[in-house]
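Colleague: Structure in structure tokens, see below.
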Amino acid sequence: MTMPARARKPEPYAGAAVALPRKHVLDLDDFTLDEIETTLQNTDAMREVLGREIRKVPTLRGKTVLTVFYEASTRTRVSFEQAGKVLSADVINVSSSGSSTEKGESLYNTALTLQAMNADIIVMRHPHSGAPYFLARHLKSCVINAGDGTHAHPTQALLDMYTMKRHFGKLQGLKVVIVGDILYSRVGRSNLWGLTKAGAEVTLCAPPTLLPPDFMSTSRQHHDHPFANVRVETNVEKAVEGAHVVMALRLQLERQRSGHLPSLREYSRMYCINPRRMALAHPDALVMHPGPMNEGIEIDPEVAHGARSVIEEQVTNGVAVRMALLYSVVTPVPSERRPS
Amino acid sequence: MKSQPILIKGGRVIDPAGGHDARADVLIKNGTIADVAKTIAGPDGARVIDASGLVVAPGFIDLHTHLREPGFEDKETVATGTRAAAKGGFTTLCAMPNTKPPADNPATIDYVLRKAREDGVVRVLPIGCVTKASAGKELAEMGELAQAGAVAFSDDGHPVGDDNLMRQALAYASAFDLPISNHCEVDELFQGGVMNEGWVATRLGLRGVPNSAEEVMAARDISLAALTGGRIHLAHISTAGTVEIVRRAKEQGVAVTCEATPHHLTLTEQAVLGRLDDNGPFEPLTTASYNTYAKVNPPLRTRKDVDAVVRGLKDGVIDIIATDHAPHNRTDKLCPMAEAAFGISVLETALGSVLSPVHGKAVGLPRVIEALTAAPARILKRTDIGTLRKGAQADVVIFDPDASWTVDTSKFVSKGKNTPLEGATLKGRVTATIFGGAVVYEAKA
């Protein structure tokens, strides 16, 4: 592998990781293709660290990482915590329950308090779209979005892309089908940005009620539209035909009550990723799911735990991706590479 | 009231109610318009205001203001709201009843009127609730509210959702010949939305409000007005579809009037991205995105809708311009979009905003002034305001339609600094406002 021209001398403790010219990771819409590729390369370096006998490097020694989760989470929070600890950062977990938020403190005041504790990086998950942008606007700390409302989940998208690239060697031209609750899925949205930038051929598949209304209309035909070439397909059999990657999204079980679906049973019959549907995909197709799964609804247990499933590998790769990003945002790069 | 006579000399006097648009002098004596003529010699002791190069018009009438008092004095008071109005050229405000307690009883109407007498600098006309506590369950005591001084009824912010209750309200209010101003929004279609439905909402991951949320209820209200003979006034219409629905209703002779706000005449959903232009809908988000100051209900729509609303204003389908001045305090907006309050502080930027389509040649200046003066006076059935006819109340605004200025909310008189226009350049500025024959605002030279 040739090193990118702008690469500096490799960091002694974290393999060949290269810093990114950015302070925050809010979504992938502002990532250049170069930044995406650098991040995926850095993730390789971090995976090497995770494969060592002693999984600890001093790269972020003396840095404080706060994980602030306003929504329940197991894998993402633990993943960030582990990522920070392997890099020797001081990781402090803050959850909204049992905190000042329960006493009615506003996000703004909570954020100022956390900043006053000299957090270098704040990793936040929040039920409201845009909350990490709000933090980034008002605080000096680096902000990493660990999922905001129905908007974005960039670290999940990067780990998904990393997993795909590991298996296929490239993302360009890869046929990726995302099936499920596109309307409310932050995972789907961030993957859409990342995958389209990387040149993958993306198909979104869902009943029309779970697709953004403007994705069903002609608005995407605008020549500048970033998703002009994204295919929207309401028939899952047609969508998965020849696909290299089939990604099922978690269905929020309240969608039936809110009138988006007649029943979970009908959804399962029409959209569940099962062996019969996987047989229509490319012979080497991967099955992915961001978790947590509703087995039997959006994904058949046989597929979820079958030979093509990389769902557990996604979790492992998630730690490496988050190590790469924690490293990237706090490591200074030459000033000319900082965005103005 | 014995006050110093005022002679306004040499301005372009635009009085749509009197069909007047020419260079003239205006003489004010004893709180009323004494004369409008080509040249008037000032009486002894008169104060002379040189209005050459300026426009002289009746003081603006706002049919839709949130003064917040009583109950939300941290956001606005009658004292600050009426001073903001004076600065914006408004001399009559119709105060919305969503106060705490709401104006569903004569005592609250009395309180607002007393506050206006004691603390106000312009006229305040209270609006009463349609339903008790604006809860949409039972009619408020509209007869008593009318006797106390309510000039219209509205549950603004809470649409009257129950079709039959709206029917009864329109029928009942027709006994007093007062309009019902309805905030058209079908709750089931609104679904907790925070901005316009479409690409911008999709990319921001925000819940969108479809045009139909407004249009379905506008069509219902028009049908019920035709059924009952009541007077329906559609508040702050925002979509091209609603403009067409009102256009057809007016062609059929239904007693419907409607208003558009300065922001729905000028701004699009792009303001939520932190932009006041049409560029960059596909560019990466920045930390200026999720601009809570652009969160308003009904939401800012698309360019197509803005153009249709401006056309509706030009054609007279839209009768009036009303501000929906909705002041909030800092913390109400200093939060993620979903938690932020709806509303924009409008009074001090209204003129600069509504002159933008005038400068853009999309609508004429006299029509815009009519929509701020004669037309709202007609809805209020007042012949003594909104005009410069001899004998009318001496409510006058003098403004420079070409003066450019930069919006600086730290200089707002209103407690509400919540506007997406912070830092924007507007063209058109009030130089003086006269209410009842007295100068209540004068720009520093």
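To be explicit about the labels: the chains of the structure tokens are called A, B, and onward in the order shown, and within each one the residues are counted from 1, while ligands get numbers from 1 in the order they are shown.
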Select, as a PyMOL selection string, those residues of chain B with any atom no more than 10 Å from chain A (distances computed using only C-alpha atoms).

Modeller: chain B and resi 191+197-208+210+280-291+331+334-339

Colleague: So which bits of region 280-338 of chain B end up alpha helix (DSSP H) when you DSSP the backbone, as a VMD selection string?

Modeller: chain B and resid 303 to 315 330 to 333

Colleague: Write out, as a PDB file, in the first residue's frame, the residues just selected, with C-alpha atoms.

Modeller:
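Full text of again.pdb as output:
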```
ATOM      1  CA  ARG B 303     -39.818  28.976  -2.724  1.00  0.00           C
ATOM      2  CA  LYS B 304     -42.870  27.861  -4.701  1.00  0.00           C
ATOM      3  CA  ASP B 305     -45.088  28.513  -1.676  1.00  0.00           C
ATOM      4  CA  VAL B 306     -43.478  31.882  -0.915  1.00  0.00           C
ATOM      5  CA  ASP B 307     -44.019  32.976  -4.508  1.00  0.00           C
ATOM      6  CA  ALA B 308     -47.659  31.869  -4.365  1.00  0.00           C
ATOM      7  CA  VAL B 309     -48.237  33.731  -1.091  1.00  0.00           C
ATOM      8  CA  VAL B 310     -46.720  36.907  -2.569  1.00  0.00           C
ATOM      9  CA  ARG B 311     -48.940  36.507  -5.641  1.00  0.00           C
ATOM     10  CA  GLY B 312     -51.941  35.982  -3.381  1.00  0.00           C
ATOM     11  CA  LEU B 313     -51.106  39.208  -1.574  1.00  0.00           C
ATOM     12  CA  LYS B 314     -50.767  41.051  -4.869  1.00  0.00           C
ATOM     13  CA  ASP B 315     -54.094  39.680  -6.179  1.00  0.00           C
ATOM     14  CA  ARG B 330     -33.400  32.950  25.146  1.00  0.00           C
ATOM     15  CA  THR B 331     -33.720  29.505  26.673  1.00  0.00           C
ATOM     16  CA  ASP B 332     -36.878  28.765  24.687  1.00  0.00           C
ATOM     17  CA  LYS B 333     -34.670  28.636  21.579  1.00  0.00           C
TER      18      LYS B 333
END
```

Colleague: Neighbouring residues of Arg382 (chain B) were defined as those with any atom within 12 Å, considering only C-alpha atoms; residues of the same chain fewer than 5 positions away were excluded. Please report them as a list in words.

Modeller: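 Near neighbours after the sequence-gap exclusion: Ala17, Ile61, Thr92, Leu125, Val151, Thr373, Ala374, Ala375, Pro376, Ala377, Thr387, Ala392 and Gln393 of chain B.
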
Colleague: Write out as a PyMOL selection string all residues of region 140-289 of chain A that backbone DSSP assigns to strand (DSSP E).

Modeller: chain A and resi 142-148+175-179+201-205+231-233+245-248+286-288

Colleague: Return the single residue from B:Cys129, B:Pro298, B:Asp395, B:Lys411 that is closest to Gly59 (chain B), with distances computed using only C-alpha atoms.

Modeller: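 Of the candidates, the smallest distance to Gly59 (chain B) is held by B:Asp395.
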
Colleague: Could you work out how far CA of Tyr271 (chain A) lies from CA of Val303 (chain A), giving the answer in Å with one decimal?

Modeller: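 Answer for the CA of Val303 (chain A) to CA of Tyr271 (chain A) separation: 13.4 Å.
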
Colleague: Taking only C-alpha atoms into account, name the residue in A:Glu102, A:Asp160, A:Glu313, A:Glu298 that is nearest to Arg265 (chain A).

Modeller: A:Glu298

Colleague: I want to know what sits within 12 Å of Lys250 (chain B), based on only C-alpha atoms, with residues of the same chain fewer than 5 positions away left out; could you give that as a PyMOL selection string?

Modeller: chain B and resi 222-223+225-226+232+243-245+255-258+312+315-319

Colleague: Restrict the selected residues to N, CA and C atoms and save them as a short mmCIF file (atom, residue, chain, number, x, y, z; two decimals), in the first residue's frame.

Modeller:
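File written: part_36.cif
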```cif
data_model
loop_
_atom_site.label_atom_id
_atom_site.label_comp_id
_atom_site.auth_asym_id
_atom_site.auth_seq_id
_atom_site.Cartn_x
_atom_site.Cartn_y
_atom_site.Cartn_z
N ILE B 222 -63.67 26.98 5.43
CA ILE B 222 -64.40 27.71 4.40
C ILE B 222 -65.77 27.09 4.18
N SER B 223 -65.81 25.75 4.17
CA SER B 223 -67.09 25.07 4.02
C SER B 223 -68.03 25.41 5.17
N ALA B 225 -67.93 28.09 7.08
CA ALA B 225 -68.33 29.50 7.00
C ALA B 225 -69.48 29.66 6.02
N ALA B 226 -69.38 28.94 4.90
CA ALA B 226 -70.47 29.00 3.92
C ALA B 226 -71.75 28.43 4.51
N ILE B 232 -65.07 33.68 8.74
CA ILE B 232 -63.84 32.96 9.04
C ILE B 232 -62.66 33.78 8.56
N VAL B 243 -53.60 29.16 -0.74
CA VAL B 243 -53.91 30.36 -1.53
C VAL B 243 -54.96 30.00 -2.59
N GLU B 244 -54.80 28.86 -3.24
CA GLU B 244 -55.77 28.46 -4.27
C GLU B 244 -57.14 28.15 -3.67
N ILE B 245 -57.15 27.51 -2.51
CA ILE B 245 -58.43 27.18 -1.84
C ILE B 245 -59.18 28.48 -1.51
N ALA B 255 -67.65 34.31 2.85
CA ALA B 255 -67.09 35.36 3.69
C ALA B 255 -65.82 34.86 4.36
N VAL B 256 -64.75 34.80 3.60
CA VAL B 256 -63.46 34.36 4.14
C VAL B 256 -62.43 35.45 3.92
N THR B 257 -61.63 35.68 4.96
CA THR B 257 -60.48 36.57 4.83
C THR B 257 -59.27 35.78 5.32
N CYS B 258 -58.09 36.24 4.95
CA CYS B 258 -56.91 35.54 5.43
C CYS B 258 -55.72 36.48 5.48
N GLY B 312 -50.64 35.87 -4.05
CA GLY B 312 -51.94 35.98 -3.38
C GLY B 312 -52.12 37.34 -2.73
N ASP B 315 -52.76 39.82 -5.59
CA ASP B 315 -54.09 39.68 -6.18
C ASP B 315 -55.22 40.03 -5.21
N GLY B 316 -54.90 40.15 -3.93
CA GLY B 316 -55.94 40.41 -2.95
C GLY B 316 -56.61 39.15 -2.43
N VAL B 317 -56.16 37.98 -2.90
CA VAL B 317 -56.67 36.73 -2.31
C VAL B 317 -56.29 36.70 -0.83
N ILE B 318 -55.08 37.14 -0.57
CA ILE B 318 -54.66 37.34 0.82
C ILE B 318 -54.97 38.78 1.17
N ASP B 319 -55.85 38.95 2.17
CA ASP B 319 -56.36 40.29 2.49
C ASP B 319 -55.32 41.15 3.18
#
```
